[in-house]
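Trainee: There's a structure below that I have some questions on.
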Amino acid sequence: MLEILLFGYLITCVSGQGGADVVLSCSLVEEGSGMGGMGGGALFSRTPATLVLRDLAVTPDLSPDTLTPFNPPAVPDPDNIILEAKVESPEIPEADLLLHADCNEQEVTCEISRYFPRNAKEGSTEPAYFIGSLQIEGGGLSLTLVLQTLPLDQSDRPALMQSKLELPLSQSGTLLTEVVFLVFSRSESHSAPLGGMALLDCGFRQQAPPPGRELGLEWRLQHRGSGRKVLEIRAGQTETEEGPAVHVEREGSSVDAALLVGQGNASLTLARLKVSDEGTYICTVSTGLYQAQQVIQLHVTQPPHVSLSEEKLVFRDELPQKLSCHCKNYYPLDVQMEWFSVSSTDSEPDSYWMVLGFLVITILFFYQVMK
Ligand SMILES: *[C@@H]1O[C@H](CO)[C@@H](O)[C@H](O)[C@H]1NC(C)=O
């Protein structure tokens with residue numbers, strides 16, 4: 001039984017020469033067509049698709065003998081959408097996590113859509129581009145990949161055309177692509193205390209950029225329907241160019257420009273957190289050619305400061321007495337409060353604690369309202 005289970009795991013994580021192949025079930029998302037103009041109809045349509053990431057560079061902790069490389073279907077089918085992506089340069093960071101997610105049957109959500117780079121030639125269909133968004137369920141890694149189709153090595157036979165995308169397929173019935181740009185985050189959700197500091201993880205990788213290309217980074221905050229810019233950087237991608245232009249909108253926010261240009265690290269630091277910093281952050285990296293984003297949630301949390309109005313209550317003449325509990329300086333504001341008595345010690349009579357239950361309880365909520 002154990003062997004059967006093990007085998008079941010291993011066939012989902014397949015390995016090629018020197019690296020591993022990861023096969024993901026995805027949806028091809030397209031803007032819906034013809035579904036009744038204003039205010040009606042499905043805006044997007046979804047078609048099942050497969051994304052195969054070839055030869056991921058991973059640490060070899062799985063025995064290569066037990067793994068087999070991805071095998072395309074024996075008979076190419078023009079209705080299948082199989083994107084085969086060469087991942088060489090840039091490499092996918094934390095590719096181990098993807099492989100392990102695949103092997104551990106952790107879900108990886110995957111959406112693919114057509115992408116039209118900003119400087120693409122009008123009307124040209126070659127090469128074609130796709131954008132793939134991958135997220136490991138439960139966090140750990142989120143990736144946005146820009147995939148560029150590779151020229152087919154045209155032999156005597158005319159290539160089969162993918163029926164939906166109208167793009168030529170390889171001999172094995174797959175769309176051959178390579179990863180040309182990616183933006184990633186290793187923490188899609190982050191909690192930090194009020195007044196403290198937060199580091200929102202975001203990074204990018206690209207093929208060697210053509211000289212003179214600008215690199216742009218924008219961090220935006222989206223919260224309850226309104227959005228604002230937090231910080232923006234424009235920098236040259238070569239050292240000879242003048243220093244980066246940094247535009248800080250939210251005081252106390254920063255990105256290390258040297259890490260951005262040198263290592264593709266676009267992480268945002270926010271100092272002196274306020275409640276108004278909470279929300280959805282969007283990290284957008286653009287090179288001259290491509291642009292992609294990551295979305296990261298920031299939650300601000302602050303445990304309450306709790307105090308009692310009296311340290312000791314003494315009952316005389318059966319008069320009711322008031323004990324209040326003060327709870328302040330906490331966030332978020334949805335709070336639950338509970339009174340309970342610790343079982344009596346020898347020195348304190350039971351009645352003392354019993355009476356507590358009948359006290360008028362006044363709960364005063366104070367909270368810091370941050371601008
Ligand atoms: C960016 O740099 C910070 C600080 O050195 C580090 O903690 C973080 O992991 C880096 N993130 C990426 C995406 O490289």
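By order of appearance in the structure tokens: chains A, B, ..., then residues from 1 within every chain, and ligands from 1 in the order shown.
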Residues up to 9 Å from ligand 1, counting only C-alpha atoms and all ligand atoms: could you list those as a ChimeraX atom specification?

Mentor: /A:93,184-186,199-204,256,259-260,263-268

Trainee: Can you list, as a list of chain:residue names, all residues belonging to stretch 62-278 of chain A that DSSP tags as alpha helix (DSSP H)?

Mentor: A:Ala95, A:Asp96, A:Leu97, A:Leu98, A:Leu99, A:His100, A:Ala101, A:Asp102, A:Cys103, A:Ala257, A:Ala258, A:Leu259, A:Leu260, A:Val261, A:Gly262, A:Gln263

Trainee: Which residue, A:Ser286, A:Gln321, A:Thr280, A:Ser163, has the smallest gap to A:Arg228 when you use only C-alpha atoms?

Mentor: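 With only C-alpha atoms as the atom set, the closest residue is A:Thr280.
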
Trainee: Could you give me, as a PyMOL selection string, the residues within 9 Å of stretch 242-254 of chain A, counting only C-alpha atoms and dropping anything in the same chain fewer than 3 positions from it?

Mentor: chain A and resi 228-236+239+257+267-273
